[in-house]
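Okay, entry38.txt is below, compact mmCIF, C-alpha atoms:
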# COMPACT_ATOMS: atom_id res chain seq x y z
CA GLY A 866 336.14 102.73 150.74
CA GLY A 867 338.70 104.59 148.61
CA GLU A 868 342.08 105.89 149.72
CA SER A 869 343.41 109.39 150.15
CA LYS A 870 346.36 110.27 147.95
CA ALA A 871 348.24 111.82 150.87
CA SER A 872 348.30 108.97 153.39
CA GLY A 873 347.09 105.91 151.51
CA CYS A 874 344.54 105.34 154.28
CA ARG A 875 340.86 104.60 153.78
CA VAL A 876 338.72 107.72 153.39
CA ILE A 877 335.39 106.15 154.35
CA ARG A 878 335.18 105.67 158.11
CA THR A 879 331.42 105.19 158.50
CA ALA A 880 329.22 103.17 156.12
CA TRP A 881 325.45 102.93 156.29
CA ILE A 882 323.71 100.13 154.37
CA GLU A 883 319.95 99.95 154.65
CA ILE A 884 318.31 96.95 153.04
CA PRO A 885 315.19 94.77 153.38
CA ARG A 886 315.27 91.41 155.15
CA ASN A 887 316.78 88.30 153.56
CA ASN A 888 319.07 90.14 151.14
CA GLY A 889 322.31 88.54 152.29
CA LYS A 890 323.41 91.08 154.88
CA SER A 891 324.88 88.36 157.13
CA THR A 892 327.11 87.19 154.28
CA LEU A 893 328.11 90.76 153.44
CA CYS A 894 328.86 91.54 157.09
CA SER A 895 330.88 88.34 157.48
CA GLY A 896 333.10 89.07 154.51
CA LEU A 897 333.74 92.66 155.57
CA ALA A 898 334.44 91.70 159.18
CA LEU A 899 336.95 89.04 158.13
CA TYR A 900 338.62 91.52 155.80
CA LEU A 901 338.99 94.03 158.63
CA LEU A 902 340.34 91.27 160.86
CA LEU A 903 342.85 89.74 158.46
CA ALA A 904 343.47 91.78 155.33
CA ASP A 905 343.65 95.39 156.48
CA ARG A 906 347.29 95.28 157.66
CA GLU A 907 346.21 96.47 161.11
CA PRO A 908 348.21 95.02 164.01
CA ALA A 909 346.13 93.93 167.01
CA ALA A 910 342.91 94.89 165.21
CA GLN A 911 339.78 94.77 167.30
CA VAL A 912 336.68 94.02 165.23
CA TYR A 913 333.22 93.71 166.77
CA ALA A 914 329.79 92.49 165.70
CA ALA A 915 327.29 94.58 167.63
CA ALA A 916 323.57 94.00 168.00
CA GLY A 917 320.67 94.89 170.26
CA ASP A 918 320.81 91.66 172.24
CA ARG A 919 323.09 88.67 172.73
CA ALA A 920 321.15 86.36 170.40
CA GLN A 921 321.20 88.85 167.53
CA ALA A 922 324.89 89.54 168.07
CA GLY A 923 325.50 85.81 167.69
CA LEU A 924 323.59 85.82 164.41
CA VAL A 925 326.06 88.39 163.10
CA PHE A 926 329.15 86.62 164.45
CA GLN A 927 328.38 82.97 163.64
CA PRO A 928 328.18 83.34 159.82
CA ALA A 929 331.65 84.91 159.91
CA ARG A 930 332.90 82.00 162.02
CA LEU A 931 331.44 79.49 159.55
CA MET A 932 332.92 81.44 156.63
CA ALA A 933 336.33 81.30 158.34
CA LEU A 934 336.01 77.54 158.89
CA GLY A 935 334.97 77.06 155.26
CA SER A 936 337.96 78.94 153.85
CA PRO A 937 341.17 76.86 153.82
CA ALA A 938 343.32 80.00 153.81
CA ILE A 939 341.51 81.66 156.71
CA ALA A 940 341.20 78.42 158.69
CA LYS A 941 344.96 77.92 158.34
CA ALA A 942 345.75 81.52 159.31
CA LEU A 943 343.56 81.45 162.42
CA GLY A 944 344.29 77.86 163.43
CA LYS A 945 343.18 77.28 167.01
CA GLY A 946 342.06 80.90 167.13
CA ILE A 947 338.63 79.89 165.75
CA LYS A 948 336.63 79.61 168.95
CA ARG A 949 332.96 79.47 169.77
CA ASN A 950 332.52 83.19 170.44
CA LEU A 951 335.85 84.58 169.28
CA LEU A 952 338.09 84.65 166.23
CA GLU A 953 341.71 85.37 167.07
CA HIS A 954 344.66 85.73 164.71
CA PRO A 955 347.66 84.45 166.70
CA ARG A 956 350.32 86.19 164.61
CA THR A 957 348.88 89.74 164.74
CA LEU A 958 346.83 89.33 167.97
CA SER A 959 343.79 90.63 166.10
CA ILE A 960 340.34 89.60 167.37
CA PHE A 961 336.74 89.50 166.19
CA ARG A 962 333.97 89.05 168.75
CA ALA A 963 330.28 89.76 169.30
CA LEU A 964 328.95 92.45 171.62
CA SER A 965 325.37 93.26 172.58
CA SER A 966 323.77 96.41 173.97
CA ASP A 967 322.07 94.42 176.75
CA ALA A 968 325.44 93.28 178.13
CA LYS A 969 327.52 95.24 180.60
CA LEU A 970 329.14 98.02 178.61
CA GLN A 971 332.78 97.41 177.85
CA HIS A 972 334.97 100.49 178.16
CA GLY A 973 338.41 100.95 176.71
CA LEU A 974 337.63 99.44 173.31
CA ASN A 975 340.30 100.10 170.68
CA VAL A 976 338.11 99.61 167.63
CA HIS A 977 339.46 99.02 164.14
CA GLY A 978 336.17 97.69 162.76
CA ALA A 979 332.57 97.31 163.87
CA VAL A 980 329.50 95.84 162.21
CA ILE A 981 326.36 97.24 163.88
CA ASP A 982 323.25 95.24 163.06
CA GLU A 983 319.59 96.40 163.01
CA VAL A 984 320.15 99.87 164.42
CA HIS A 985 316.47 100.42 165.28
CA VAL A 986 316.56 97.50 167.77
CA HIS A 987 319.25 99.07 169.99
CA LYS A 988 317.45 100.30 173.10
CA ASN A 989 320.02 102.96 173.93
CA PRO A 990 323.03 104.51 172.18
CA ASP A 991 325.66 103.44 174.74
CA LEU A 992 327.20 100.53 172.82
CA ILE A 993 327.17 102.39 169.50
CA ASP A 994 328.75 105.42 171.17
CA ALA A 995 331.44 103.21 172.76
CA LEU A 996 332.28 101.67 169.38
CA GLU A 997 332.36 104.96 167.51
CA THR A 998 334.46 106.76 170.13
CA GLY A 999 336.72 103.71 170.43
CA THR A 1000 338.11 104.26 166.92
CA GLY A 1001 340.14 107.36 167.83
CA SER A 1002 343.59 105.72 167.92
CA ARG A 1003 343.19 103.81 164.65
CA GLU A 1004 344.50 105.12 161.32
CA GLN A 1005 341.66 103.85 159.13
CA PRO A 1006 338.80 102.42 161.20
CA LEU A 1007 335.48 101.43 159.65
CA VAL A 1008 332.12 101.36 161.44
CA LEU A 1009 329.48 99.65 159.30
CA PHE A 1010 325.79 100.02 160.07
CA ILE A 1011 323.56 97.52 158.29
CA THR A 1012 319.86 97.66 159.03
CA THR A 1013 316.27 97.68 157.87
CA ALA A 1014 314.04 100.73 158.27
CA ASP A 1015 312.51 101.67 161.60
CA GLU A 1016 308.92 102.56 162.49
CA GLY A 1017 309.40 106.28 161.94
CA THR A 1018 310.33 107.04 165.55
CA ASP A 1019 311.64 110.60 165.90
CA GLY A 1020 314.87 111.09 167.82
CA SER A 1021 315.88 107.43 167.75
CA ILE A 1022 319.43 106.23 167.04
CA TYR A 1023 318.25 105.10 163.62
CA ALA A 1024 316.51 108.41 162.87
CA THR A 1025 319.59 110.44 163.80
CA LYS A 1026 321.87 108.41 161.52
CA ARG A 1027 319.35 108.28 158.66
CA GLU A 1028 318.85 112.05 158.79
CA TYR A 1029 322.62 112.53 158.68
CA LEU A 1030 322.81 110.31 155.60
CA GLU A 1031 320.03 112.30 153.92
CA GLY A 1032 321.93 115.49 154.72
CA VAL A 1033 325.09 114.12 153.09
CA VAL A 1034 323.19 112.92 150.02
CA GLY A 1035 321.29 116.20 149.76
CA GLY A 1036 324.47 118.25 149.97
CA HIS A 1037 323.47 119.97 153.22
CA ILE A 1038 326.24 118.15 155.10
CA THR A 1039 329.78 117.76 153.78
CA ASP A 1040 331.44 114.61 155.08
CA VAL A 1041 333.71 112.63 152.78
CA THR A 1042 334.22 109.98 155.50
CA PHE A 1043 330.54 108.96 155.49
CA TYR A 1044 329.08 106.66 152.82
CA GLY A 1045 325.53 105.38 152.69
CA VAL A 1046 323.20 103.44 150.43
CA VAL A 1047 319.51 102.67 150.91
CA PHE A 1048 317.83 99.82 149.04
CA GLY A 1049 314.06 100.18 149.12
CA ALA A 1050 310.88 101.12 147.31
CA ASP A 1051 309.86 104.75 146.84
CA PRO A 1052 306.24 105.16 147.95
CA ASN A 1053 306.09 108.66 146.43
CA VAL A 1054 306.41 107.63 142.79
CA GLU A 1055 303.33 108.01 140.63
CA GLY A 1056 301.19 104.87 140.50
CA PHE A 1057 303.09 103.22 143.36
CA ASP A 1058 301.97 99.61 143.84
CA PRO A 1059 303.48 98.09 147.00
CA PHE A 1060 302.49 94.57 145.95
CA SER A 1061 303.82 94.36 142.40
CA ASP A 1062 306.79 92.23 141.30
CA ALA A 1063 308.46 95.37 139.95
CA THR A 1064 308.29 97.06 143.35
CA LEU A 1065 309.60 93.94 145.10
CA ARG A 1066 312.53 93.70 142.70
CA ASP A 1067 313.31 97.42 143.07
CA ALA A 1068 313.49 97.08 146.85
CA ASN A 1069 315.26 93.71 147.06
CA PRO A 1070 318.63 93.53 145.27
CA GLY A 1071 318.84 89.85 146.25
CA ALA A 1072 315.52 88.91 144.61
CA ASP A 1073 315.70 85.30 143.37
CA VAL A 1074 319.28 85.05 144.67
CA THR A 1075 319.18 85.44 148.45
CA VAL A 1076 315.40 85.76 148.80
CA MET A 1077 312.96 83.97 146.52
CA MET A 1078 310.31 85.94 144.65
CA ASP A 1079 307.69 83.33 145.58
CA TYR A 1080 308.36 84.11 149.24
CA LEU A 1081 308.10 87.86 148.65
CA ARG A 1082 304.88 87.42 146.65
CA GLY A 1083 303.44 85.45 149.56
CA LYS A 1084 304.27 88.27 151.97
CA ALA A 1085 302.77 90.78 149.55
CA ASN A 1086 299.57 88.74 149.34
CA GLU A 1087 299.31 88.55 153.14
CA ALA A 1088 299.75 92.32 153.45
CA ARG A 1089 297.22 93.00 150.68
CA GLN A 1090 294.54 91.07 152.57
CA SER A 1091 295.46 92.05 156.13
CA PRO A 1092 295.91 95.70 157.09
CA ALA A 1093 297.45 94.49 160.37
CA GLN A 1094 300.33 92.98 158.34
CA LEU A 1095 300.79 95.91 155.97
CA ASN A 1096 303.21 98.09 157.92
CA ARG A 1097 305.39 95.12 158.82
CA TYR A 1098 305.53 94.18 155.14
CA LEU A 1099 306.34 97.74 154.05
CA ARG A 1100 309.16 98.05 156.57
CA LEU A 1101 310.76 94.60 156.41
CA HIS A 1102 310.37 93.78 152.73
CA LEU A 1103 310.21 97.17 151.00
CA ASN A 1104 312.37 99.09 153.52
CA ILE A 1105 309.80 101.88 153.91
CA ARG A 1106 309.71 103.71 157.23
CA THR A 1107 306.30 103.41 158.86
CA LYS A 1108 304.63 105.52 161.50
CA GLN A 1109 303.15 102.74 163.55
CA THR A 1110 303.83 99.04 164.01
CA THR A 1111 300.26 97.84 163.36
CA ARG A 1112 297.75 99.26 160.94
CA TRP A 1113 294.21 98.10 161.65
CA ILE A 1114 292.38 100.13 158.98
CA PRO A 1115 293.97 101.50 155.79
CA LEU A 1116 293.95 105.29 156.12
CA GLU A 1117 292.53 105.75 152.64
CA SER A 1118 289.54 103.55 153.60
CA PHE A 1119 288.99 105.58 156.77
CA ASP A 1120 289.20 108.86 154.84
CA ALA A 1121 286.77 107.58 152.20
CA THR A 1122 283.90 107.55 154.70
CA GLY A 1123 284.05 111.31 155.26
CA GLN A 1124 280.57 111.61 156.82
CA LEU A 1125 279.26 112.88 160.11
CA ILE A 1126 277.35 110.43 162.29
CA ASP A 1127 273.59 110.97 162.58
CA PRO A 1128 272.78 110.20 166.24
CA THR A 1129 269.17 109.37 165.38
CA GLU A 1130 270.35 106.30 163.46
CA TRP A 1131 271.77 104.86 166.70
CA ALA A 1132 268.79 105.62 168.93
CA GLY A 1133 267.91 102.68 171.18
CA MET A 1134 270.89 100.58 170.11
CA LYS A 1135 273.22 98.98 172.64
CA VAL A 1136 276.91 99.77 172.24

If you convert what's in this file into structure tokens, what do you get?
Amino acid sequence: GGESKASGCRVIRTAWIEIPRNNGKSTLCSGLALYLLLADREPAAQVYAAAGDRAQAGLVFQPARLMALGSPAIAKALGKGIKRNLLEHPRTLSIFRALSSDAKLQHGLNVHGAVIDEVHVHKNPDLIDALETGTGSREQPLVLFITTADEGTDGSIYATKREYLEGVVGGHITDVTFYGVVFGADPNVEGFDPFSDATLRDANPGADVTVMMDYLRGKANEARQSPAQLNRYLRLHLNIRTKQTTRWIPLESFDATGQLIDPTEWAGMKV
């Protein structure tokens, strides 16, 4: 995240990582959450894994718990503080727990770190707002968003954050505390082939490491043959924002017809 020369504190306070499915985001989130919990020299740190529902929040928290159990140093440091739904560091009173947007909103959070999973799934902004506003008393908090693309919904939580990132990248917004990276295919390049190995590798940094190419080729083949699967494939595996969840007819096929209907051809037919 970098440090300022004046205070020695972290400059980056918000990080946005957008990446297709199966590219190791749970492992990345786990490592960062444990760092914020144990290695950031923050007394009584509060670190949260936030998701759209309780089950998804558990999917963010549990890999970190297993990583803690698998590390002799961390397991020793936490001791009996490794619990089913909570990691607690007895010496510093720091905690790491899961929160979900479908639970009763918890006020008074004093947030040092937050990992917010699959932003587009959050039904309302309340939990995200509570986490972001809960960082005010911390010297170097970090809120990490890690997500796949949404369905192109205007005005959504995802859309607002993504547009802010694009403003920072484009130079229209100046914010040295915001860092973002998007892994995905660019559908606007000349000769774009959404089903090629090259496109899959461009979009998936974990290709043949965290997600096997054979699996991705299988998904590409399904999408090639089934327009109903295409948008799901584009969004989840190429991280391309789509305008609708299901696509029954490829638009280029629809446009290729380009003819008016002659009513006389349908005379006497039952519809």

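Across the structure, CA of Asp905 in chain A and CA of Ala995 in chain A are spaced 21.8 Å apart.
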
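Among A:Asn975, A:Thr998, A:Ser966, A:Thr1075, the residue with the shortest atom-to-atom distance to Asn887 in chain A, counting all atoms listed in the file, is A:Thr1075.
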
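Within 12 Å of Asp1067 in chain A, once only C-alpha atoms are used and residues closer than 4 positions along the same chain are dropped, the contacting residues are Ile884, Pro885, Val1047, Phe1048, Gly1049, Ala1050, Asp1051, Pro1052, Phe1057, Asp1058, Pro1059, Phe1060, Ser1061, Asp1062, Ala1063, Gly1071, Ala1072, Met1078, His1102, Leu1103 and Asn1104 of chain A.
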
If you keep C-alpha atoms, can you produce a file of those selected residues as a PDB file, keeping the file's coordinate frame?
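See again-v2.pdb below for the written result:
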ATOM      1  CA  ILE A 884     318.310  96.950 153.040  1.00  0.00           C
ATOM      2  CA  PRO A 885     315.190  94.770 153.380  1.00  0.00           C
ATOM      3  CA  VAL A1047     319.510 102.670 150.910  1.00  0.00           C
ATOM      4  CA  PHE A1048     317.830  99.820 149.040  1.00  0.00           C
ATOM      5  CA  GLY A1049     314.060 100.180 149.120  1.00  0.00           C
ATOM      6  CA  ALA A1050     310.880 101.120 147.310  1.00  0.00           C
ATOM      7  CA  ASP A1051     309.860 104.750 146.840  1.00  0.00           C
ATOM      8  CA  PRO A1052     306.240 105.160 147.950  1.00  0.00           C
ATOM      9  CA  PHE A1057     303.090 103.220 143.360  1.00  0.00           C
ATOM     10  CA  ASP A1058     301.970  99.610 143.840  1.00  0.00           C
ATOM     11  CA  PRO A1059     303.480  98.090 147.000  1.00  0.00           C
ATOM     12  CA  PHE A1060     302.490  94.570 145.950  1.00  0.00           C
ATOM     13  CA  SER A1061     303.820  94.360 142.400  1.00  0.00           C
ATOM     14  CA  ASP A1062     306.790  92.230 141.300  1.00  0.00           C
ATOM     15  CA  ALA A1063     308.460  95.370 139.950  1.00  0.00           C
ATOM     16  CA  GLY A1071     318.840  89.850 146.250  1.00  0.00           C
ATOM     17  CA  ALA A1072     315.520  88.910 144.610  1.00  0.00           C
ATOM     18  CA  MET A1078     310.310  85.940 144.650  1.00  0.00           C
ATOM     19  CA  HIS A1102     310.370  93.780 152.730  1.00  0.00           C
ATOM     20  CA  LEU A1103     310.210  97.170 151.000  1.00  0.00           C
ATOM     21  CA  ASN A1104     312.370  99.090 153.520  1.00  0.00           C
TER      22      ASN A1104
END

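What separates CA of Trp881 in chain A from CA of Ser965 in chain A is a distance of 18.9 Å.
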
One residue among A:Glu1004, A:Asp1015, A:Asp982, A:Asp918 is nearest to Asn1096 in chain A when using all atoms listed in the file, and that residue is A:Asp1015

Gap from CA of Asn1069 in chain A to CA of Tyr1044 in chain A - Å, one decimal: 19.8 Å

Have a look at A:Ile981, A:Leu974, A:Ile947, A:Leu934 and name the one nearest to Gln921 in chain A; count only C-alpha atoms. A:Ile981

Could you name the residues that touch Ala929 in chain A at 7 Å or less, counting all atoms listed in the file, but leaving out those on the same chain fewer than 3 positions away, as a list in words? Ser895, Gly896, Leu899, Phe926, Met932 and Ala933 of chain A

Can you tell me which residues surround Leu952 in chain A at a distance of at most 8 Å, considering only C-alpha atoms, apart from same-chain residues fewer than 5 positions away, and format the answer as a ChimeraX atom specification? /A:930,943,946-947,960-962

The residue from A:Arg1097, A:Lys890, A:Lys948, A:Arg878 with the smallest atom-to-atom distance to Val1041 in chain A, counting only C-alpha atoms, is A:Arg878

Identify which of the residues A:Val984, A:Glu1130, A:Pro1006, A:Gly999 lies closest to Ala1024 in chain A, counting all atoms listed in the file when measuring atom-to-atom distances. A:Val984

Neighbouring residues of His985 in chain A were defined as those with any atom within 7 Å, considering only C-alpha atoms; residues of the same chain fewer than 2 positions away were excluded. Please report them as an MDAnalysis selection string. chainID A and resid 983 987 1015 1022:1023
